[in-house]
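Next up, coords13.txt (compact mmCIF, N, CA and C atoms):
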```
# COMPACT_ATOMS: atom_id res chain seq x y z
N ALA A 217 91.32 108.09 38.22
CA ALA A 217 90.21 108.98 37.92
C ALA A 217 88.91 108.40 38.48
N GLY A 218 88.71 107.11 38.35
CA GLY A 218 87.49 106.50 38.86
C GLY A 218 87.38 106.60 40.37
N TYR A 219 88.50 106.40 41.05
CA TYR A 219 88.53 106.50 42.50
C TYR A 219 88.19 107.92 42.96
N VAL A 220 88.80 108.90 42.33
CA VAL A 220 88.59 110.30 42.71
C VAL A 220 87.15 110.73 42.44
N LEU A 221 86.62 110.38 41.28
CA LEU A 221 85.24 110.76 40.95
C LEU A 221 84.23 110.07 41.87
N LEU A 222 84.46 108.80 42.18
CA LEU A 222 83.55 108.10 43.07
C LEU A 222 83.62 108.67 44.48
N ALA A 223 84.81 108.97 44.97
CA ALA A 223 84.94 109.57 46.30
C ALA A 223 84.25 110.93 46.34
N ARG A 224 84.42 111.71 45.30
CA ARG A 224 83.78 113.03 45.25
C ARG A 224 82.25 112.90 45.20
N ALA A 225 81.75 111.92 44.45
CA ALA A 225 80.30 111.71 44.39
C ALA A 225 79.77 111.29 45.76
N TRP A 226 80.49 110.43 46.47
CA TRP A 226 80.05 110.00 47.79
C TRP A 226 80.06 111.15 48.79
N VAL A 227 81.06 112.01 48.70
CA VAL A 227 81.12 113.17 49.60
C VAL A 227 80.00 114.15 49.27
N SER A 228 79.74 114.39 48.00
CA SER A 228 78.69 115.33 47.59
C SER A 228 77.31 114.86 48.04
N CYS A 229 77.08 113.56 48.02
CA CYS A 229 75.77 113.02 48.38
C CYS A 229 75.70 112.53 49.82
N ASP A 230 76.72 112.81 50.61
CA ASP A 230 76.76 112.39 52.03
C ASP A 230 76.54 110.90 52.19
N ILE A 231 77.23 110.11 51.40
CA ILE A 231 77.14 108.65 51.50
C ILE A 231 78.25 108.17 52.41
N GLY A 232 77.89 107.42 53.42
CA GLY A 232 78.85 106.93 54.39
C GLY A 232 78.94 107.86 55.59
N VAL A 233 79.77 107.50 56.53
CA VAL A 233 79.88 108.28 57.77
C VAL A 233 80.82 109.46 57.56
N ASN A 234 82.00 109.20 57.09
CA ASN A 234 82.97 110.24 56.78
C ASN A 234 84.01 109.66 55.82
N ALA A 235 85.03 110.42 55.54
CA ALA A 235 86.02 109.96 54.55
C ALA A 235 86.72 108.69 55.01
N ALA A 236 86.98 108.55 56.30
CA ALA A 236 87.67 107.36 56.79
C ALA A 236 86.79 106.12 56.66
N ALA A 237 85.49 106.27 56.85
CA ALA A 237 84.59 105.12 56.74
C ALA A 237 84.48 104.63 55.31
N ASN A 238 84.66 105.52 54.35
CA ASN A 238 84.56 105.14 52.94
C ASN A 238 85.87 104.66 52.35
N SER A 239 86.96 104.70 53.13
CA SER A 239 88.25 104.37 52.53
C SER A 239 88.39 102.91 52.11
N PHE A 240 87.87 101.98 52.90
CA PHE A 240 88.03 100.56 52.53
C PHE A 240 87.24 100.21 51.27
N PRO A 241 85.96 100.58 51.17
CA PRO A 241 85.26 100.27 49.90
C PRO A 241 85.90 100.97 48.70
N LEU A 242 86.37 102.20 48.89
CA LEU A 242 87.03 102.89 47.79
C LEU A 242 88.36 102.23 47.42
N LEU A 243 89.04 101.68 48.41
CA LEU A 243 90.29 100.96 48.14
C LEU A 243 90.00 99.73 47.29
N LEU A 244 88.93 98.99 47.61
CA LEU A 244 88.58 97.82 46.81
C LEU A 244 88.21 98.21 45.39
N VAL A 245 87.48 99.31 45.24
CA VAL A 245 87.13 99.81 43.90
C VAL A 245 88.38 100.20 43.15
N PHE A 246 89.30 100.88 43.83
CA PHE A 246 90.54 101.31 43.19
C PHE A 246 91.37 100.12 42.71
N ILE A 247 91.47 99.10 43.55
CA ILE A 247 92.24 97.91 43.16
C ILE A 247 91.58 97.23 41.96
N GLY A 248 90.26 97.08 42.00
CA GLY A 248 89.56 96.45 40.89
C GLY A 248 89.71 97.24 39.59
N LEU A 249 89.54 98.57 39.68
CA LEU A 249 89.69 99.41 38.48
C LEU A 249 91.11 99.34 37.94
N THR A 250 92.09 99.29 38.82
CA THR A 250 93.48 99.23 38.38
C THR A 250 93.77 97.92 37.66
N VAL A 251 93.30 96.82 38.20
CA VAL A 251 93.56 95.52 37.58
C VAL A 251 92.86 95.41 36.22
N VAL A 252 91.58 95.73 36.19
CA VAL A 252 90.82 95.62 34.94
C VAL A 252 91.34 96.63 33.91
N GLY A 253 91.65 97.85 34.35
CA GLY A 253 92.19 98.86 33.45
C GLY A 253 93.53 98.47 32.86
N THR A 254 94.39 97.88 33.68
CA THR A 254 95.70 97.43 33.19
C THR A 254 95.55 96.31 32.17
N LEU A 255 94.65 95.37 32.46
CA LEU A 255 94.41 94.30 31.49
C LEU A 255 93.85 94.85 30.19
N TRP A 256 92.92 95.80 30.30
CA TRP A 256 92.33 96.38 29.09
C TRP A 256 93.39 97.11 28.26
N TRP A 257 94.23 97.91 28.92
CA TRP A 257 95.28 98.62 28.19
C TRP A 257 96.21 97.64 27.50
N GLY A 258 96.56 96.54 28.18
CA GLY A 258 97.45 95.55 27.56
C GLY A 258 96.82 94.90 26.35
N VAL A 259 95.55 94.55 26.46
CA VAL A 259 94.86 93.91 25.33
C VAL A 259 94.68 94.90 24.18
N ALA A 260 94.22 96.10 24.49
CA ALA A 260 93.99 97.09 23.43
C ALA A 260 95.30 97.49 22.76
N TRP A 261 96.32 97.69 23.54
CA TRP A 261 97.60 98.09 22.98
C TRP A 261 98.23 96.96 22.18
N GLY A 262 98.11 95.74 22.69
CA GLY A 262 98.72 94.60 22.01
C GLY A 262 97.98 94.18 20.75
N LEU A 263 96.68 94.07 20.84
CA LEU A 263 95.91 93.60 19.69
C LEU A 263 95.66 94.69 18.66
N VAL A 264 95.05 95.77 19.09
CA VAL A 264 94.70 96.84 18.15
C VAL A 264 95.96 97.60 17.73
N GLY A 265 96.80 97.94 18.69
CA GLY A 265 98.01 98.69 18.36
C GLY A 265 98.98 97.89 17.51
N GLY A 266 99.03 96.58 17.74
CA GLY A 266 99.93 95.73 16.95
C GLY A 266 99.47 95.54 15.52
N ARG A 267 98.16 95.55 15.31
CA ARG A 267 97.63 95.33 13.96
C ARG A 267 97.45 96.61 13.16
N TYR A 268 96.96 97.65 13.83
CA TYR A 268 96.57 98.85 13.09
C TYR A 268 97.44 100.06 13.34
N GLY A 269 98.35 99.98 14.26
CA GLY A 269 99.24 101.10 14.53
C GLY A 269 99.02 101.69 15.92
N VAL A 270 99.86 102.65 16.24
CA VAL A 270 99.89 103.23 17.57
C VAL A 270 98.63 104.05 17.87
N LEU A 271 98.23 104.90 16.96
CA LEU A 271 97.11 105.80 17.22
C LEU A 271 95.78 105.07 17.43
N PRO A 272 95.41 104.10 16.60
CA PRO A 272 94.18 103.35 16.88
C PRO A 272 94.26 102.54 18.18
N GLY A 273 95.42 102.01 18.49
CA GLY A 273 95.59 101.27 19.74
C GLY A 273 95.42 102.17 20.95
N LEU A 274 96.00 103.36 20.88
CA LEU A 274 95.86 104.33 21.97
C LEU A 274 94.42 104.80 22.11
N ALA A 275 93.76 105.07 20.99
CA ALA A 275 92.36 105.51 21.03
C ALA A 275 91.47 104.44 21.63
N CYS A 276 91.69 103.18 21.27
CA CYS A 276 90.90 102.08 21.80
C CYS A 276 91.15 101.92 23.30
N ALA A 277 92.38 102.05 23.72
CA ALA A 277 92.71 101.92 25.14
C ALA A 277 92.10 103.04 25.96
N VAL A 278 92.17 104.28 25.48
CA VAL A 278 91.59 105.41 26.21
C VAL A 278 90.07 105.30 26.25
N LEU A 279 89.46 104.94 25.15
CA LEU A 279 88.01 104.79 25.13
C LEU A 279 87.56 103.69 26.10
N GLY A 280 88.27 102.59 26.12
CA GLY A 280 87.94 101.52 27.06
C GLY A 280 88.11 101.94 28.51
N ALA A 281 89.15 102.72 28.79
CA ALA A 281 89.37 103.21 30.16
C ALA A 281 88.26 104.17 30.57
N LEU A 282 87.83 105.04 29.67
CA LEU A 282 86.73 105.95 29.98
C LEU A 282 85.43 105.20 30.23
N LEU A 283 85.17 104.17 29.43
CA LEU A 283 83.97 103.35 29.63
C LEU A 283 84.05 102.59 30.95
N LEU A 284 85.23 102.15 31.33
CA LEU A 284 85.41 101.46 32.60
C LEU A 284 85.12 102.38 33.78
N VAL A 285 85.64 103.60 33.73
CA VAL A 285 85.40 104.57 34.81
C VAL A 285 83.92 104.94 34.85
N TRP A 286 83.31 105.18 33.70
CA TRP A 286 81.88 105.51 33.67
C TRP A 286 81.05 104.36 34.21
N GLY A 287 81.38 103.14 33.85
CA GLY A 287 80.64 101.99 34.34
C GLY A 287 80.75 101.84 35.85
N ALA A 288 81.94 102.05 36.39
CA ALA A 288 82.10 101.97 37.85
C ALA A 288 81.29 103.05 38.55
N LEU A 289 81.29 104.25 37.98
CA LEU A 289 80.50 105.33 38.58
C LEU A 289 79.01 105.07 38.46
N ALA A 290 78.56 104.56 37.33
CA ALA A 290 77.14 104.27 37.16
C ALA A 290 76.68 103.17 38.11
N TRP A 291 77.56 102.24 38.41
CA TRP A 291 77.22 101.13 39.28
C TRP A 291 77.27 101.51 40.75
N LEU A 292 78.27 102.31 41.15
CA LEU A 292 78.52 102.56 42.57
C LEU A 292 78.29 103.99 43.03
N HIS A 293 77.78 104.89 42.19
CA HIS A 293 77.69 106.29 42.60
C HIS A 293 76.78 106.48 43.80
N ALA A 294 75.76 105.66 43.95
CA ALA A 294 74.90 105.70 45.13
C ALA A 294 74.37 104.29 45.36
N PRO A 295 74.65 103.70 46.52
CA PRO A 295 74.15 102.36 46.78
C PRO A 295 72.63 102.30 46.71
N ASP A 296 72.11 101.16 46.30
CA ASP A 296 70.65 100.99 46.17
C ASP A 296 69.96 101.23 47.51
N GLY A 297 68.97 102.06 47.47
CA GLY A 297 68.19 102.32 48.66
C GLY A 297 68.84 103.25 49.67
N TYR A 298 70.03 103.77 49.36
CA TYR A 298 70.69 104.66 50.31
C TYR A 298 70.04 106.04 50.22
N PRO A 299 69.58 106.58 51.34
CA PRO A 299 68.90 107.88 51.30
C PRO A 299 69.89 109.04 51.22
N ALA A 300 70.23 109.44 50.02
CA ALA A 300 71.13 110.58 49.84
C ALA A 300 70.28 111.83 49.73
N PHE A 301 70.05 112.49 50.86
CA PHE A 301 69.15 113.63 50.90
C PHE A 301 69.74 114.88 50.26
N SER A 302 71.06 114.96 50.17
CA SER A 302 71.66 116.17 49.62
C SER A 302 71.76 116.13 48.09
N CYS A 303 71.37 115.03 47.47
CA CYS A 303 71.39 114.91 46.02
C CYS A 303 69.96 114.83 45.50
N PRO A 304 69.76 115.10 44.23
CA PRO A 304 68.42 114.98 43.66
C PRO A 304 67.85 113.57 43.86
N PRO A 305 66.61 113.37 43.52
CA PRO A 305 65.98 112.06 43.76
C PRO A 305 66.71 110.87 43.16
N ASP A 306 67.47 111.06 42.11
CA ASP A 306 68.18 109.93 41.49
C ASP A 306 69.54 109.66 42.12
N ASN A 307 69.89 110.37 43.18
CA ASN A 307 71.20 110.24 43.85
C ASN A 307 72.36 110.55 42.91
N VAL A 308 72.15 111.45 41.99
CA VAL A 308 73.22 111.89 41.08
C VAL A 308 73.79 113.19 41.65
N PRO A 309 75.12 113.28 41.79
CA PRO A 309 75.70 114.50 42.36
C PRO A 309 75.36 115.72 41.51
N PRO A 310 75.21 116.89 42.13
CA PRO A 310 74.82 118.09 41.39
C PRO A 310 75.88 118.55 40.38
N TRP A 311 77.14 118.19 40.56
CA TRP A 311 78.20 118.62 39.64
C TRP A 311 78.31 117.71 38.42
N TRP A 312 77.60 116.59 38.41
CA TRP A 312 77.69 115.65 37.29
C TRP A 312 77.00 116.24 36.07
N PRO A 313 77.64 116.21 34.88
CA PRO A 313 77.00 116.76 33.68
C PRO A 313 75.72 116.00 33.31
N GLU A 314 74.70 116.74 32.94
CA GLU A 314 73.42 116.12 32.62
C GLU A 314 73.46 115.30 31.35
N TRP A 315 74.37 115.61 30.41
CA TRP A 315 74.42 114.91 29.14
C TRP A 315 75.08 113.54 29.25
N VAL A 316 75.68 113.22 30.42
CA VAL A 316 76.28 111.90 30.64
C VAL A 316 75.35 111.13 31.58
N PRO A 317 74.73 110.06 31.11
CA PRO A 317 73.82 109.32 32.00
C PRO A 317 74.59 108.62 33.11
N LEU A 318 73.96 108.57 34.26
CA LEU A 318 74.62 107.91 35.40
C LEU A 318 73.63 107.01 36.10
```
Would you mind writing the file out in structure tokens?
Amino acid sequence: AGYVLLARAWVSCDIGVNAAANSFPLLLVFIGLTVVGTLWWGVAWGLVGGRYGVLPGLACAVLGALLLVWGALAWLHAPDGYPAFSCPPDNVPPWWPEWVPL
């Protein structure tokens, strides 16, 4: 989900040359999100799920994964100083919900 949302944000704001030019940075982001997300799911499922049951463990794991994806998007949605002319002044894609800060 993080990879797809970040790629869509970059395409919406015309960041990079084209889809092929953005593939390597997106691949690195995808690998990092996968590793950290897998570790988080293991910790949340093992610690919280083992102590309090399946439902709290699952809720903690999903909440952590959503925070991880949001954090990656908030950090990488537009590189610092990159002139994204097709997006508003804050380089936030037009399809992004206003109630979620980015």
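Across the model, the gap from atom N of Leu255 in chain A to CA of Ser228 in chain A is 29.7 Å.
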Which residues come within 10 Å of range 250-252 of chain A, counting only C-alpha atoms, excluding same-chain residues fewer than 3 positions away, as an mmCIF file with N, CA and C atoms, in the coordinates of the input?
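Saved result, out-v6.cif, follows:
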```cif
data_model
loop_
_atom_site.group_PDB
_atom_site.id
_atom_site.type_symbol
_atom_site.label_atom_id
_atom_site.label_comp_id
_atom_site.auth_asym_id
_atom_site.auth_seq_id
_atom_site.Cartn_x
_atom_site.Cartn_y
_atom_site.Cartn_z
ATOM 1 N N GLY A 218 88.710 107.110 38.350
ATOM 2 C CA GLY A 218 87.490 106.500 38.860
ATOM 3 C C GLY A 218 87.380 106.600 40.370
ATOM 4 N N TYR A 219 88.500 106.400 41.050
ATOM 5 C CA TYR A 219 88.530 106.500 42.500
ATOM 6 C C TYR A 219 88.190 107.920 42.960
ATOM 7 N N LEU A 244 88.930 98.990 47.610
ATOM 8 C CA LEU A 244 88.580 97.820 46.810
ATOM 9 C C LEU A 244 88.210 98.210 45.390
ATOM 10 N N VAL A 245 87.480 99.310 45.240
ATOM 11 C CA VAL A 245 87.130 99.810 43.900
ATOM 12 C C VAL A 245 88.380 100.200 43.150
ATOM 13 N N PHE A 246 89.300 100.880 43.830
ATOM 14 C CA PHE A 246 90.540 101.310 43.190
ATOM 15 C C PHE A 246 91.370 100.120 42.710
ATOM 16 N N ILE A 247 91.470 99.100 43.550
ATOM 17 C CA ILE A 247 92.240 97.910 43.160
ATOM 18 C C ILE A 247 91.580 97.230 41.960
ATOM 19 N N LEU A 255 94.650 95.370 32.460
ATOM 20 C CA LEU A 255 94.410 94.300 31.490
ATOM 21 C C LEU A 255 93.850 94.850 30.190
ATOM 22 N N TRP A 256 92.920 95.800 30.300
ATOM 23 C CA TRP A 256 92.330 96.380 29.090
ATOM 24 C C TRP A 256 93.390 97.110 28.260
ATOM 25 N N TRP A 257 94.230 97.910 28.920
ATOM 26 C CA TRP A 257 95.280 98.620 28.190
ATOM 27 C C TRP A 257 96.210 97.640 27.500
ATOM 28 N N GLY A 258 96.560 96.540 28.180
ATOM 29 C CA GLY A 258 97.450 95.550 27.560
ATOM 30 C C GLY A 258 96.820 94.900 26.350
ATOM 31 N N ALA A 281 89.150 102.720 28.790
ATOM 32 C CA ALA A 281 89.370 103.210 30.160
ATOM 33 C C ALA A 281 88.260 104.170 30.570
ATOM 34 N N LEU A 284 85.230 102.150 31.330
ATOM 35 C CA LEU A 284 85.410 101.460 32.600
ATOM 36 C C LEU A 284 85.120 102.380 33.780
#
```
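In this model, the gap between CA of Asn307 in chain A and atom C of Ala277 in chain A comes to 28.4 Å.
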- Quick one: of A:Pro309, A:Tyr268, A:Ala260, A:Pro304, who's nearest to Arg224 in chain A, counting only N, CA and C atoms?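 For Arg224 in chain A, the nearest of the candidates is A:Pro309.
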- Message: Rounded to one decimal, what separation in Å do you get between atom N of Ala294 in chain A and atom N of Trp315 in chain A?
- Response: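 Computing it gives 16.9 Å between the two atoms.
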- Task: Considering only C-alpha atoms, state which residue in the set A:Leu318, A:Cys303, A:Val259, A:Cys229 is at the smallest distance from Gly280 in chain A.
- Result: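 Between A:Leu318, A:Cys303, A:Val259, A:Cys229, the residue approaching Gly280 in chain A most closely is A:Val259.
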- 12 Å contact set for Pro272 in chain A, only C-alpha atoms, chain neighbours under 5 positions out, as number ranges by chain: A: 260-267, 277-279
- Item | Spatial neighbours of His293 in chain A, max dist 6.5 Å, all atoms listed in the file, sep filter under 4 positions, as a list in words | Leu222, Ala225, Trp226, Ala288, Leu289 and Asn307 of chain A
With N, CA and C atoms retained, export the selected residues as a compact mmCIF listing (two decimals), in the coordinates of the input.
```
# COMPACT_ATOMS: atom_id res chain seq x y z
N LEU A 222 84.46 108.80 42.18
CA LEU A 222 83.55 108.10 43.07
C LEU A 222 83.62 108.67 44.48
N ALA A 225 81.75 111.92 44.45
CA ALA A 225 80.30 111.71 44.39
C ALA A 225 79.77 111.29 45.76
N TRP A 226 80.49 110.43 46.47
CA TRP A 226 80.05 110.00 47.79
C TRP A 226 80.06 111.15 48.79
N ALA A 288 81.94 102.05 36.39
CA ALA A 288 82.10 101.97 37.85
C ALA A 288 81.29 103.05 38.55
N LEU A 289 81.29 104.25 37.98
CA LEU A 289 80.50 105.33 38.58
C LEU A 289 79.01 105.07 38.46
N ASN A 307 69.89 110.37 43.18
CA ASN A 307 71.20 110.24 43.85
C ASN A 307 72.36 110.55 42.91
```
Six-sided padding of 3 Å per side, axis-aligned box over range 260-264 of chain A, centre and edges in Å, one decimal, as AutoDock Vina command-line options:
```
--center_x 96.4 --center_y 95.8 --center_z 21.1 --size_x 10.7 --size_y 10.5 --size_z 12.8
```
DSSP alpha helix (DSSP H) residues within range 218-315 of chain A, listed as a short mmCIF file (atom, residue, chain, number, x, y, z; two decimals) with N, CA and C atoms, keeping the file's coordinate frame:
```cif
data_model
loop_
_atom_site.label_atom_id
_atom_site.label_comp_id
_atom_site.auth_asym_id
_atom_site.auth_seq_id
_atom_site.Cartn_x
_atom_site.Cartn_y
_atom_site.Cartn_z
N GLY A 218 88.71 107.11 38.35
CA GLY A 218 87.49 106.50 38.86
C GLY A 218 87.38 106.60 40.37
N TYR A 219 88.50 106.40 41.05
CA TYR A 219 88.53 106.50 42.50
C TYR A 219 88.19 107.92 42.96
N VAL A 220 88.80 108.90 42.33
CA VAL A 220 88.59 110.30 42.71
C VAL A 220 87.15 110.73 42.44
N LEU A 221 86.62 110.38 41.28
CA LEU A 221 85.24 110.76 40.95
C LEU A 221 84.23 110.07 41.87
N LEU A 222 84.46 108.80 42.18
CA LEU A 222 83.55 108.10 43.07
C LEU A 222 83.62 108.67 44.48
N ALA A 223 84.81 108.97 44.97
CA ALA A 223 84.94 109.57 46.30
C ALA A 223 84.25 110.93 46.34
N ARG A 224 84.42 111.71 45.30
CA ARG A 224 83.78 113.03 45.25
C ARG A 224 82.25 112.90 45.20
N ALA A 225 81.75 111.92 44.45
CA ALA A 225 80.30 111.71 44.39
C ALA A 225 79.77 111.29 45.76
N TRP A 226 80.49 110.43 46.47
CA TRP A 226 80.05 110.00 47.79
C TRP A 226 80.06 111.15 48.79
N VAL A 227 81.06 112.01 48.70
CA VAL A 227 81.12 113.17 49.60
C VAL A 227 80.00 114.15 49.27
N SER A 228 79.74 114.39 48.00
CA SER A 228 78.69 115.33 47.59
C SER A 228 77.31 114.86 48.04
N SER A 239 86.96 104.70 53.13
CA SER A 239 88.25 104.37 52.53
C SER A 239 88.39 102.91 52.11
N PHE A 240 87.87 101.98 52.90
CA PHE A 240 88.03 100.56 52.53
C PHE A 240 87.24 100.21 51.27
N PRO A 241 85.96 100.58 51.17
CA PRO A 241 85.26 100.27 49.90
C PRO A 241 85.90 100.97 48.70
N LEU A 242 86.37 102.20 48.89
CA LEU A 242 87.03 102.89 47.79
C LEU A 242 88.36 102.23 47.42
N LEU A 243 89.04 101.68 48.41
CA LEU A 243 90.29 100.96 48.14
C LEU A 243 90.00 99.73 47.29
N LEU A 244 88.93 98.99 47.61
CA LEU A 244 88.58 97.82 46.81
C LEU A 244 88.21 98.21 45.39
N VAL A 245 87.48 99.31 45.24
CA VAL A 245 87.13 99.81 43.90
C VAL A 245 88.38 100.20 43.15
N PHE A 246 89.30 100.88 43.83
CA PHE A 246 90.54 101.31 43.19
C PHE A 246 91.37 100.12 42.71
N ILE A 247 91.47 99.10 43.55
CA ILE A 247 92.24 97.91 43.16
C ILE A 247 91.58 97.23 41.96
N GLY A 248 90.26 97.08 42.00
CA GLY A 248 89.56 96.45 40.89
C GLY A 248 89.71 97.24 39.59
N LEU A 249 89.54 98.57 39.68
CA LEU A 249 89.69 99.41 38.48
C LEU A 249 91.11 99.34 37.94
N THR A 250 92.09 99.29 38.82
CA THR A 250 93.48 99.23 38.38
C THR A 250 93.77 97.92 37.66
N VAL A 251 93.30 96.82 38.20
CA VAL A 251 93.56 95.52 37.58
C VAL A 251 92.86 95.41 36.22
N VAL A 252 91.58 95.73 36.19
CA VAL A 252 90.82 95.62 34.94
C VAL A 252 91.34 96.63 33.91
N GLY A 253 91.65 97.85 34.35
CA GLY A 253 92.19 98.86 33.45
C GLY A 253 93.53 98.47 32.86
N THR A 254 94.39 97.88 33.68
CA THR A 254 95.70 97.43 33.19
C THR A 254 95.55 96.31 32.17
N LEU A 255 94.65 95.37 32.46
CA LEU A 255 94.41 94.30 31.49
C LEU A 255 93.85 94.85 30.19
N TRP A 256 92.92 95.80 30.30
CA TRP A 256 92.33 96.38 29.09
C TRP A 256 93.39 97.11 28.26
N TRP A 257 94.23 97.91 28.92
CA TRP A 257 95.28 98.62 28.19
C TRP A 257 96.21 97.64 27.50
N GLY A 258 96.56 96.54 28.18
CA GLY A 258 97.45 95.55 27.56
C GLY A 258 96.82 94.90 26.35
N VAL A 259 95.55 94.55 26.46
CA VAL A 259 94.86 93.91 25.33
C VAL A 259 94.68 94.90 24.18
N GLY A 265 96.80 97.94 18.69
CA GLY A 265 98.01 98.69 18.36
C GLY A 265 98.98 97.89 17.51
N GLY A 266 99.03 96.58 17.74
CA GLY A 266 99.93 95.73 16.95
C GLY A 266 99.47 95.54 15.52
N ARG A 267 98.16 95.55 15.31
CA ARG A 267 97.63 95.33 13.96
C ARG A 267 97.45 96.61 13.16
N TYR A 268 96.96 97.65 13.83
CA TYR A 268 96.57 98.85 13.09
C TYR A 268 97.44 100.06 13.34
N VAL A 270 99.86 102.65 16.24
CA VAL A 270 99.89 103.23 17.57
C VAL A 270 98.63 104.05 17.87
N LEU A 271 98.23 104.90 16.96
CA LEU A 271 97.11 105.80 17.22
C LEU A 271 95.78 105.07 17.43
N PRO A 272 95.41 104.10 16.60
CA PRO A 272 94.18 103.35 16.88
C PRO A 272 94.26 102.54 18.18
N GLY A 273 95.42 102.01 18.49
CA GLY A 273 95.59 101.27 19.74
C GLY A 273 95.42 102.17 20.95
N LEU A 274 96.00 103.36 20.88
CA LEU A 274 95.86 104.33 21.97
C LEU A 274 94.42 104.80 22.11
N ALA A 275 93.76 105.07 20.99
CA ALA A 275 92.36 105.51 21.03
C ALA A 275 91.47 104.44 21.63
N CYS A 276 91.69 103.18 21.27
CA CYS A 276 90.90 102.08 21.80
C CYS A 276 91.15 101.92 23.30
N ALA A 277 92.38 102.05 23.72
CA ALA A 277 92.71 101.92 25.14
C ALA A 277 92.10 103.04 25.96
N VAL A 278 92.17 104.28 25.48
CA VAL A 278 91.59 105.41 26.21
C VAL A 278 90.07 105.30 26.25
N LEU A 279 89.46 104.94 25.15
CA LEU A 279 88.01 104.79 25.13
C LEU A 279 87.56 103.69 26.10
N GLY A 280 88.27 102.59 26.12
CA GLY A 280 87.94 101.52 27.06
C GLY A 280 88.11 101.94 28.51
N ALA A 281 89.15 102.72 28.79
CA ALA A 281 89.37 103.21 30.16
C ALA A 281 88.26 104.17 30.57
N LEU A 282 87.83 105.04 29.67
CA LEU A 282 86.73 105.95 29.98
C LEU A 282 85.43 105.20 30.23
N LEU A 283 85.17 104.17 29.43
CA LEU A 283 83.97 103.35 29.63
C LEU A 283 84.05 102.59 30.95
N LEU A 284 85.23 102.15 31.33
CA LEU A 284 85.41 101.46 32.60
C LEU A 284 85.12 102.38 33.78
N VAL A 285 85.64 103.60 33.73
CA VAL A 285 85.40 104.57 34.81
C VAL A 285 83.92 104.94 34.85
N TRP A 286 83.31 105.18 33.70
CA TRP A 286 81.88 105.51 33.67
C TRP A 286 81.05 104.36 34.21
N GLY A 287 81.38 103.14 33.85
CA GLY A 287 80.64 101.99 34.34
C GLY A 287 80.75 101.84 35.85
N ALA A 288 81.94 102.05 36.39
CA ALA A 288 82.10 101.97 37.85
C ALA A 288 81.29 103.05 38.55
N LEU A 289 81.29 104.25 37.98
CA LEU A 289 80.50 105.33 38.58
C LEU A 289 79.01 105.07 38.46
N ALA A 290 78.56 104.56 37.33
CA ALA A 290 77.14 104.27 37.16
C ALA A 290 76.68 103.17 38.11
N TRP A 291 77.56 102.24 38.41
CA TRP A 291 77.22 101.13 39.28
C TRP A 291 77.27 101.51 40.75
N LEU A 292 78.27 102.31 41.15
CA LEU A 292 78.52 102.56 42.57
C LEU A 292 78.29 103.99 43.03
#
```
